[in-house]
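Below is model.csv, which holds CSV, C-alpha atoms and all ligand atoms.
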```csv
chain,number,residue,atom,x,y,z
F,1,MET,CA,7.5,-10.3,16.9
F,2,SER,CA,9.5,-9.2,13.9
F,3,THR,CA,9.6,-5.6,12.7
F,4,THR,CA,11.2,-4.4,9.5
F,5,VAL,CA,13.4,-1.4,9.6
F,6,GLU,CA,10.8,0.4,7.5
F,7,GLU,CA,8.1,-0.4,10.0
F,8,ALA,CA,10.3,0.8,12.9
F,9,LEU,CA,11.0,4.1,11.1
F,10,LEU,CA,7.4,4.7,10.2
F,11,THR,CA,6.0,3.8,13.7
F,12,ARG,CA,8.6,5.6,15.7
F,13,ARG,CA,7.2,8.8,17.2
F,14,SER,CA,8.0,10.8,20.3
F,15,CYS,CA,5.8,9.2,22.9
F,16,ARG,CA,4.7,11.5,25.7
F,17,ALA,CA,2.4,9.2,27.7
F,18,PHE,CA,3.5,5.8,28.9
F,19,ARG,CA,1.9,3.0,30.8
F,20,PRO,CA,3.7,2.1,34.1
F,21,ASP,CA,4.3,-1.5,33.0
F,22,PRO,CA,8.0,-2.3,33.7
F,23,VAL,CA,10.6,-3.1,31.0
F,24,PRO,CA,12.8,-6.0,32.2
F,25,ARG,CA,16.5,-5.0,32.7
F,26,ALA,CA,17.6,-7.8,30.2
F,27,GLU,CA,15.4,-6.1,27.6
F,28,VAL,CA,16.9,-2.7,28.2
F,29,GLU,CA,20.4,-4.2,28.0
F,30,ARG,CA,19.5,-5.9,24.7
F,31,LEU,CA,18.3,-2.6,23.2
F,32,LEU,CA,21.5,-0.9,24.3
F,33,ASP,CA,23.5,-3.7,22.8
F,34,LEU,CA,21.7,-3.2,19.5
F,35,ALA,CA,22.1,0.6,19.6
F,36,ALA,CA,25.8,0.1,20.3
F,37,ARG,CA,26.1,-1.4,16.8
F,38,SER,CA,25.8,2.1,15.5
F,39,ALA,CA,28.6,3.5,13.4
F,40,SER,CA,30.9,6.0,15.1
F,41,ASN,CA,33.9,8.0,14.1
F,42,SER,CA,36.8,5.5,13.9
F,43,ASN,CA,34.7,3.2,16.1
F,44,SER,CA,35.3,5.5,19.0
F,45,GLN,CA,31.9,4.7,20.6
F,46,PRO,CA,31.9,8.0,22.7
F,47,TRP,CA,28.5,7.4,24.3
F,48,ARG,CA,27.7,6.6,27.9
F,49,VAL,CA,24.2,5.7,29.0
F,50,HIS,CA,22.7,6.1,32.5
F,51,VAL,CA,19.6,3.9,33.0
F,52,LEU,CA,17.2,4.8,35.7
F,53,THR,CA,14.3,2.8,37.1
F,54,GLY,CA,12.4,2.5,40.4
F,55,ALA,CA,13.7,4.5,43.3
F,56,ALA,CA,16.7,5.9,41.4
F,57,LYS,CA,14.4,7.3,38.7
F,58,ALA,CA,11.9,8.6,41.3
F,59,ALA,CA,14.6,10.4,43.2
F,60,LEU,CA,15.9,12.1,40.1
F,61,SER,CA,12.4,13.0,38.9
F,62,ALA,CA,11.6,14.5,42.4
F,63,ASP,CA,14.7,16.7,42.3
F,64,LEU,CA,14.1,17.8,38.6
F,65,LEU,CA,10.4,18.6,39.3
F,66,GLY,CA,11.4,20.5,42.5
F,67,ALA,CA,13.9,22.6,40.7
F,68,HIS,CA,11.5,23.1,37.8
F,69,ASP,CA,8.6,24.2,40.0
F,70,GLU,CA,10.9,26.6,41.9
F,71,GLY,CA,12.2,28.1,38.6
F,72,ARG,CA,15.8,27.0,39.4
F,73,ARG,CA,16.7,26.5,35.7
F,74,SER,CA,20.5,26.4,35.1
F,75,ALA,CA,22.1,28.1,32.1
F,76,GLY,CA,23.5,25.4,29.9
F,77,GLU,CA,27.2,24.6,30.2
F,78,PHE,CA,26.5,23.1,26.8
F,79,ALA,CA,23.3,23.8,25.1
F,80,TYR,CA,22.3,23.0,21.5
F,81,GLN,CA,18.7,24.1,22.0
F,82,PRO,CA,18.2,27.7,20.7
F,83,GLY,CA,16.1,30.0,22.8
F,84,ALA,CA,12.5,30.4,21.6
F,85,ASP,CA,13.4,33.7,19.8
F,86,GLN,CA,16.6,32.4,18.2
F,87,TRP,CA,15.0,30.1,15.7
F,88,ARG,CA,15.4,31.2,12.0
F,89,GLU,CA,13.1,30.3,9.1
F,90,PRO,CA,12.2,27.8,7.9
F,91,PHE,CA,12.8,26.1,11.3
F,92,ARG,CA,10.8,28.8,13.2
F,93,SER,CA,7.7,27.9,11.2
F,94,ARG,CA,8.2,24.2,11.5
F,95,ARG,CA,8.6,24.6,15.3
F,96,ARG,CA,5.4,26.6,15.5
F,97,ARG,CA,3.5,24.0,13.5
F,98,PHE,CA,4.8,21.3,15.8
F,99,GLY,CA,3.8,23.2,18.9
F,100,GLU,CA,0.3,23.8,17.5
F,101,GLY,CA,-0.1,20.2,16.6
F,102,LEU,CA,1.0,19.0,20.1
F,103,TYR,CA,-0.6,21.6,22.3
F,104,ARG,CA,-3.7,22.8,20.5
F,105,ASP,CA,-4.7,19.8,18.3
F,106,ALA,CA,-3.7,16.9,20.5
F,107,LEU,CA,-4.1,18.4,24.0
F,108,GLY,CA,-6.7,21.1,23.4
F,109,ILE,CA,-4.4,23.7,25.0
F,110,GLU,CA,-4.9,27.1,23.2
F,111,PRO,CA,-1.8,29.2,22.2
F,112,GLY,CA,-2.4,31.8,25.0
F,113,ASP,CA,-2.7,29.2,27.7
F,114,ALA,CA,0.8,29.4,29.3
F,115,ALA,CA,-0.2,27.5,32.4
F,116,GLY,CA,-1.6,24.6,30.2
F,117,ARG,CA,1.6,24.5,28.2
F,118,ALA,CA,3.7,24.6,31.3
F,119,GLY,CA,1.6,21.8,32.8
F,120,HIS,CA,2.4,19.5,29.8
F,121,HIS,CA,6.1,20.6,29.6
F,122,ARG,CA,6.5,19.7,33.3
F,123,ARG,CA,5.8,16.0,32.5
F,124,ASN,CA,9.2,15.8,30.8
F,125,TYR,CA,10.7,15.7,34.3
F,126,ASP,CA,9.0,12.4,35.3
F,127,PHE,CA,9.8,11.0,31.8
F,128,PHE,CA,6.1,11.2,30.8
F,129,GLY,CA,5.4,8.3,33.2
F,130,ALA,CA,7.8,5.9,31.5
F,131,PRO,CA,9.2,3.1,33.7
F,132,VAL,CA,12.7,3.7,32.3
F,133,GLY,CA,14.5,7.0,32.1
F,134,MET,CA,17.9,7.2,30.4
F,135,VAL,CA,20.4,9.9,30.1
F,136,VAL,CA,23.0,9.8,27.3
F,137,THR,CA,26.3,11.6,27.6
F,138,VAL,CA,29.3,11.8,25.2
F,139,SER,CA,33.0,12.6,25.7
F,140,ARG,CA,33.7,16.2,25.0
F,141,LEU,CA,37.2,15.3,23.8
F,142,PRO,CA,36.6,15.8,20.9
F,143,LEU,CA,33.0,17.0,21.0
F,144,GLN,CA,31.6,17.6,17.4
F,145,GLY,CA,32.2,14.1,16.1
F,146,ALA,CA,30.9,12.6,19.4
F,147,LEU,CA,27.6,14.5,19.0
F,148,VAL,CA,27.1,13.1,15.5
F,149,ASP,CA,27.8,9.6,16.9
F,150,ALA,CA,25.4,10.2,19.7
F,151,GLY,CA,22.7,11.0,17.2
F,152,LEU,CA,23.2,7.7,15.4
F,153,PHE,CA,23.1,5.9,18.7
F,154,LEU,CA,19.9,7.6,19.8
F,155,GLN,CA,18.1,6.8,16.5
F,156,ALA,CA,19.3,3.2,16.7
F,157,LEU,CA,18.0,2.9,20.2
F,158,MET,CA,14.7,4.3,19.3
F,159,LEU,CA,14.3,1.9,16.3
F,160,ALA,CA,15.4,-1.1,18.4
F,161,ALA,CA,12.8,-0.1,20.9
F,162,ARG,CA,10.1,-0.2,18.2
F,163,GLY,CA,11.3,-3.7,17.3
F,164,ALA,CA,10.4,-4.7,20.9
F,165,GLY,CA,7.0,-3.0,20.9
F,166,LEU,CA,8.4,-0.1,23.0
F,167,HIS,CA,8.3,3.6,22.5
F,168,THR,CA,10.7,6.4,23.3
F,169,CYS,CA,11.0,10.2,23.6
F,170,ALA,CA,14.2,12.1,23.4
F,171,GLN,CA,14.4,14.8,26.0
F,172,ALA,CA,16.6,17.8,25.7
F,173,SER,CA,14.5,19.5,28.3
F,174,LEU,CA,16.4,17.7,31.0
F,175,LEU,CA,19.5,19.8,30.1
F,176,ASP,CA,17.8,22.8,31.8
F,177,TYR,CA,18.7,21.1,35.1
F,178,HIS,CA,22.1,19.7,34.2
F,179,PRO,CA,23.7,20.1,37.7
F,180,ILE,CA,21.0,17.8,39.1
F,181,LEU,CA,21.7,15.2,36.5
F,182,ARG,CA,25.4,15.4,37.1
F,183,ARG,CA,24.9,15.1,40.8
F,184,HIS,CA,22.6,12.1,40.6
F,185,LEU,CA,24.5,10.3,37.9
F,186,GLY,CA,28.1,11.2,38.6
F,187,VAL,CA,28.7,12.4,35.1
F,188,PRO,CA,32.4,13.1,34.8
F,189,ALA,CA,33.6,16.6,33.8
F,190,ASP,CA,34.9,15.4,30.4
F,191,HIS,CA,31.4,14.3,29.3
F,192,VAL,CA,28.6,16.5,28.1
F,193,ILE,CA,24.9,15.5,28.6
F,194,VAL,CA,23.2,15.0,25.2
F,195,CYS,CA,19.7,14.3,26.3
F,196,GLY,CA,17.3,12.1,28.3
F,197,ILE,CA,15.2,9.3,26.8
F,198,ALA,CA,12.0,8.0,28.1
F,199,LEU,CA,11.4,4.3,27.4
F,200,GLY,CA,8.3,2.2,27.9
F,201,TYR,CA,5.0,1.0,26.5
F,202,ALA,CA,2.8,3.7,25.1
F,203,ASP,CA,-0.5,4.7,26.8
F,204,GLU,CA,-2.6,4.6,23.6
F,205,SER,CA,-5.6,5.8,25.5
F,206,HIS,CA,-4.1,9.2,26.3
F,207,PRO,CA,-5.2,12.1,24.0
F,208,ILE,CA,-1.6,12.8,23.1
F,209,ALA,CA,-1.1,9.3,21.6
F,210,GLY,CA,-2.8,10.5,18.4
F,211,HIS,CA,-0.2,13.3,17.8
F,212,ARG,CA,1.8,12.9,14.7
F,213,THR,CA,4.3,15.2,13.1
F,214,THR,CA,4.7,15.9,9.4
F,215,ARG,CA,7.9,15.9,7.2
F,216,GLU,CA,9.0,18.0,4.3
F,217,PRO,CA,9.0,16.1,1.0
F,218,VAL,CA,12.3,14.7,-0.4
F,219,SER,CA,12.2,17.3,-3.1
F,220,ALA,CA,12.5,20.0,-0.4
F,221,PHE,CA,15.8,18.7,1.1
F,222,ALA,CA,17.5,16.5,-1.5
F,223,THR,CA,19.4,17.6,-4.6
F,224,PHE,CA,20.2,14.9,-7.1
F,225,HIS,CA,23.3,15.3,-9.1
F,226,GLY,CA,23.5,13.2,-12.3
F,227,ALA,CA,20.9,11.1,-13.9
F,228,LEU,CA,19.0,8.9,-11.5
F,229,ASP,CA,19.5,5.8,-13.7
F,230,ASP,CA,23.1,6.6,-14.3
F,231,PRO,CA,25.0,3.3,-13.9
F,232,GLY,CA,28.0,5.3,-12.6
Q,1,LIG,C1,17.7,15.7,20.6
Q,1,LIG,C2,16.2,15.7,20.8
Q,1,LIG,C3,15.7,16.3,21.9
Q,1,LIG,C4,14.3,16.4,22.1
Q,1,LIG,N1,13.8,16.9,23.3
Q,1,LIG,C5,12.5,16.8,23.6
Q,1,LIG,C6,12.0,17.2,24.9
Q,1,LIG,O1,12.7,17.6,25.7
Q,1,LIG,N2,10.7,17.0,25.1
Q,1,LIG,C7,9.8,16.5,24.2
Q,1,LIG,O2,8.6,16.4,24.4
Q,1,LIG,N3,10.2,16.1,22.9
Q,1,LIG,C8,11.6,16.3,22.6
Q,1,LIG,N4,12.1,15.8,21.4
Q,1,LIG,C9,11.1,15.3,20.4
Q,1,LIG,C10,10.9,16.2,19.2
Q,1,LIG,O3,10.0,17.3,19.5
Q,1,LIG,C11,10.4,15.3,18.1
Q,1,LIG,O4,11.3,14.4,17.7
Q,1,LIG,C12,9.9,16.1,16.8
Q,1,LIG,O5,8.9,17.0,17.1
Q,1,LIG,C13,9.5,15.1,15.7
Q,1,LIG,O6,8.4,14.4,16.2
Q,1,LIG,P1,8.4,12.8,16.2
Q,1,LIG,O7,9.6,12.4,17.0
Q,1,LIG,O8,7.1,12.4,16.9
Q,1,LIG,O9,8.5,12.2,14.9
Q,1,LIG,C14,13.4,15.8,21.2
Q,1,LIG,C15,13.9,15.3,20.0
Q,1,LIG,C16,15.3,15.2,19.8
Q,1,LIG,C17,15.9,14.6,18.6
```

Would you mind giving the structure from this file in structure tokens?
Amino acid sequence: MSTTVEEALLTRRSCRAFRPDPVPRAEVERLLDLAARSASNSNSQPWRVHVLTGAAKAALSADLLGAHDEGRRSAGEFAYQPGADQWREPFRSRRRRFGEGLYRDALGIEPGDAAGRAGHHRRNYDFFGAPVGMVVTVSRLPLQGALVDAGLFLQALMLAARGAGLHTCAQASLLDYHPILRRHLGVPADHVIVCGIALGYADESHPIAGHRTTREPVSAFATFHGALDDPG
């Protein structure tokens, strides 16, 4: 199968329902090898990836779900996710539209149905049923550039996955239980946890499989300086 970069970009979506079919270890290694071709500041390659399958993934998920169900959420040692009331416009409105599309339109969960929303959110902690769960960390020395590099790595991994007929979902929600991740994975103190990633084959029969997000037009975020056909 060959996938163009354009096809990979256009078919990538955050997949939140996976089939249990396993992904061979050699395939995961190949995707990570491709993702590691990403650019990074001075080729520093500050990322580390923990790959969980089988019993290791089940044990982590059990602890995450246990902590989640008991409300044992930990304050972030490092959190880039604003609290629900901290989002400013225009991001606040975009986030609300995203939530409506996911919960109400795709899952039939009405805005006031807190239990319904929580029930879906909880599925983050078993990686939405994906056979592979990953956790990406970066060196905090220095942090800002490493986070940029991590973003490039994540996108490359997601696109490489599409090239293999696989889907992904980045998961910042795992950060709410960072001490559990650190304990299971042995994340060293000089690394910060960026996010989890679920990897596997999409369950296209699940109602959520039809969920798609929209984007602002180029004219809303790009400013062109100089004539477009300016030869430079
Ligand atoms: C760093 C990062 C963290 C994310 N964390 C979560 C998460 O915890 N749970 C989830 O369901 N989606 C998560 N997402 C997915 C976003 O909601 C999604 O990318 C966005 O709504 C755009 O939709 P699309 O990926 O389907 O195009 C995350 C995305 C990124 C980039």

Practice item. Return the single residue from F:Thr53, F:Ser205, F:Thr168, F:Ser40 that is closest to ligand LIG 1 (chain Q), with distances computed using only C-alpha atoms and all ligand atoms. Key: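 Closest candidate: F:Thr168.
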
- prompt: With all atoms listed in the file as the atoms that count, which of F:Ala67, F:Ala146, F:Leu152, F:Leu32 lies nearest to Leu174 (chain F)?
  reply: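 Checking each candidate against Leu174 (chain F), we get F:Ala67 as the closest.
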
Set the cut-off to 8 Å, count all atoms listed in the file, and list whatever residues fall near ligand LIG 1 (chain Q) as a list of chain:residue names.
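Counting only what the definition allows, namely all atoms listed in the file, the set is F:Arg12, F:Arg13, F:Ser14, F:Cys15, F:Arg16, F:Arg95, F:Phe98, F:His121, F:Asn124, F:Gly151, F:Cys169, F:Ala170, F:Gln171, F:Ala172, F:Ser173, F:Leu174, F:Val194, F:Cys195, F:Gly196, F:His211, F:Arg212, F:Thr213, F:Thr214.
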
Please provide the set of residues having any atom within 9 Å of Ile193 (chain F), restricted to only C-alpha atoms, with same-chain residues fewer than 6 positions apart removed, written as a short mmCIF file (atom, residue, chain, number, x, y, z; two decimals) with C-alpha atoms, in the coordinates of the input.
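Written file, around32.cif:
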```cif
data_model
loop_
_atom_site.label_atom_id
_atom_site.label_comp_id
_atom_site.auth_asym_id
_atom_site.auth_seq_id
_atom_site.Cartn_x
_atom_site.Cartn_y
_atom_site.Cartn_z
CA PHE F 78 26.50 23.10 26.80
CA VAL F 135 20.40 9.90 30.10
CA VAL F 136 23.00 9.80 27.30
CA THR F 137 26.30 11.60 27.60
CA VAL F 138 29.30 11.80 25.20
CA LEU F 175 19.50 19.80 30.10
CA HIS F 178 22.10 19.70 34.20
CA LEU F 181 21.70 15.20 36.50
CA ARG F 182 25.40 15.40 37.10
CA VAL F 187 28.70 12.40 35.10
#
```

Just checking: using all atoms listed in the file, which residue out of F:Pro82, F:Pro179, F:Gly99, F:Gly71 ends up closest to Val192 (chain F)?
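Of F:Pro82, F:Pro179, F:Gly99, F:Gly71, the one nearest Val192 (chain F) is F:Pro179, counting all atoms listed in the file.
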
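Nearest residue to Leu31 (chain F), choosing from F:Gln155, F:Ser74, F:Thr223, F:Ser139 and counting all atoms listed in the file: F:Gln155.
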
One decimal place gives the CA of Arg19 (chain F)-CA of Ala202 (chain F) separation as 5.8 Å

What lies within 12 Å of region 27-29 of chain F using only C-alpha atoms, ignoring chain neighbours under 2 positions off, as an MDAnalysis selection string?
chainID F and resid 22:25 31:36 49:53 131:134 157:158 160:161 163:166 198:200

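Going from CA of Arg73 (chain F) to CA of Asp176 (chain F) covers 5.5 Å.
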
Closest of F:Ile208, F:Leu159, F:His167, F:Tyr177 to Leu9 (chain F), counting all atoms listed in the file, is F:Leu159

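Compared by their closest atoms to Gly210 (chain F), and using all atoms listed in the file, the residues F:Ala75, F:Leu102, F:Ala8, F:Ala26 rank with F:Leu102 nearest.
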
Please list, as a count of residues only, the residues that have an atom at most 12 Å away from (4.3, 19.3, 32.3) in the coordinates of this file, counting only C-alpha atoms.
25

Would you mind completing region 146-157 of chain F to all heavy atoms and writing the output as an mmCIF file, in the frame of the given file?
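Output (result_31.cif):
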```cif
data_model
loop_
_atom_site.group_PDB
_atom_site.id
_atom_site.type_symbol
_atom_site.label_atom_id
_atom_site.label_comp_id
_atom_site.auth_asym_id
_atom_site.auth_seq_id
_atom_site.Cartn_x
_atom_site.Cartn_y
_atom_site.Cartn_z
ATOM 1 N N ALA F 146 31.606 13.399 18.369
ATOM 2 C CA ALA F 146 30.900 12.600 19.400
ATOM 3 C C ALA F 146 29.392 12.902 19.328
ATOM 4 O O ALA F 146 28.562 12.011 19.542
ATOM 5 C CB ALA F 146 31.452 12.882 20.760
ATOM 6 N N LEU F 147 29.038 14.156 19.029
ATOM 7 C CA LEU F 147 27.600 14.500 19.000
ATOM 8 C C LEU F 147 26.948 13.838 17.741
ATOM 9 O O LEU F 147 25.794 13.397 17.821
ATOM 10 C CB LEU F 147 27.433 16.014 18.899
ATOM 11 C CG LEU F 147 27.754 16.729 20.212
ATOM 12 C CD1 LEU F 147 27.721 18.235 20.005
ATOM 13 C CD2 LEU F 147 26.769 16.321 21.301
ATOM 14 N N VAL F 148 27.679 13.776 16.636
ATOM 15 C CA VAL F 148 27.100 13.100 15.500
ATOM 16 C C VAL F 148 26.923 11.598 15.850
ATOM 17 O O VAL F 148 25.858 11.014 15.601
ATOM 18 C CB VAL F 148 28.121 13.158 14.271
ATOM 19 C CG1 VAL F 148 27.643 12.286 13.117
ATOM 20 C CG2 VAL F 148 28.280 14.604 13.815
ATOM 21 N N ASP F 149 27.920 10.995 16.486
ATOM 22 C CA ASP F 149 27.800 9.600 16.900
ATOM 23 C C ASP F 149 26.655 9.377 17.860
ATOM 24 O O ASP F 149 25.943 8.374 17.797
ATOM 25 C CB ASP F 149 29.121 9.119 17.538
ATOM 26 C CG ASP F 149 30.317 9.251 16.600
ATOM 27 O OD1 ASP F 149 30.098 9.302 15.370
ATOM 28 O OD2 ASP F 149 31.462 9.315 17.090
ATOM 29 N N ALA F 150 26.461 10.329 18.754
ATOM 30 C CA ALA F 150 25.400 10.200 19.700
ATOM 31 C C ALA F 150 24.014 10.200 18.999
ATOM 32 O O ALA F 150 23.101 9.464 19.379
ATOM 33 C CB ALA F 150 25.397 11.375 20.716
ATOM 34 N N GLY F 151 23.900 11.010 17.938
ATOM 35 C CA GLY F 151 22.700 11.000 17.200
ATOM 36 C C GLY F 151 22.364 9.687 16.537
ATOM 37 O O GLY F 151 21.217 9.214 16.553
ATOM 38 N N LEU F 152 23.412 9.060 15.995
ATOM 39 C CA LEU F 152 23.200 7.700 15.400
ATOM 40 C C LEU F 152 22.796 6.733 16.469
ATOM 41 O O LEU F 152 21.906 5.906 16.258
ATOM 42 C CB LEU F 152 24.515 7.272 14.729
ATOM 43 C CG LEU F 152 25.015 8.131 13.562
ATOM 44 C CD1 LEU F 152 26.343 7.595 13.043
ATOM 45 C CD2 LEU F 152 23.995 8.156 12.446
ATOM 46 N N PHE F 153 23.443 6.811 17.619
ATOM 47 C CA PHE F 153 23.100 5.900 18.700
ATOM 48 C C PHE F 153 21.677 6.082 19.174
ATOM 49 O O PHE F 153 20.935 5.104 19.378
ATOM 50 C CB PHE F 153 24.095 6.155 19.882
ATOM 51 C CG PHE F 153 23.873 5.262 21.067
ATOM 52 C CD1 PHE F 153 24.521 4.037 21.164
ATOM 53 C CD2 PHE F 153 23.016 5.642 22.083
ATOM 54 C CE1 PHE F 153 24.298 3.203 22.256
ATOM 55 C CE2 PHE F 153 22.793 4.821 23.180
ATOM 56 C CZ PHE F 153 23.437 3.593 23.270
ATOM 57 N N LEU F 154 21.268 7.320 19.305
ATOM 58 C CA LEU F 154 19.900 7.600 19.800
ATOM 59 C C LEU F 154 18.865 7.044 18.792
ATOM 60 O O LEU F 154 17.888 6.412 19.198
ATOM 61 C CB LEU F 154 19.695 9.116 19.908
ATOM 62 C CG LEU F 154 20.388 9.775 21.099
ATOM 63 C CD1 LEU F 154 20.384 11.294 20.923
ATOM 64 C CD2 LEU F 154 19.668 9.390 22.386
ATOM 65 N N GLN F 155 19.094 7.284 17.503
ATOM 66 C CA GLN F 155 18.100 6.800 16.500
ATOM 67 C C GLN F 155 18.089 5.265 16.534
ATOM 68 O O GLN F 155 17.009 4.663 16.471
ATOM 69 C CB GLN F 155 18.490 7.304 15.102
ATOM 70 C CG GLN F 155 17.625 6.755 13.983
ATOM 71 C CD GLN F 155 16.237 7.384 13.896
ATOM 72 O OE1 GLN F 155 15.726 7.949 14.866
ATOM 73 N NE2 GLN F 155 15.611 7.297 12.744
ATOM 74 N N ALA F 156 19.266 4.639 16.634
ATOM 75 C CA ALA F 156 19.300 3.200 16.700
ATOM 76 C C ALA F 156 18.534 2.653 17.889
ATOM 77 O O ALA F 156 17.788 1.672 17.797
ATOM 78 C CB ALA F 156 20.738 2.680 16.675
ATOM 79 N N LEU F 157 18.716 3.314 19.010
ATOM 80 C CA LEU F 157 18.000 2.900 20.200
ATOM 81 C C LEU F 157 16.507 3.026 20.069
ATOM 82 O O LEU F 157 15.735 2.144 20.463
ATOM 83 C CB LEU F 157 18.532 3.737 21.406
ATOM 84 C CG LEU F 157 17.957 3.451 22.780
ATOM 85 C CD1 LEU F 157 18.191 1.986 23.176
ATOM 86 C CD2 LEU F 157 18.583 4.376 23.822
#
```
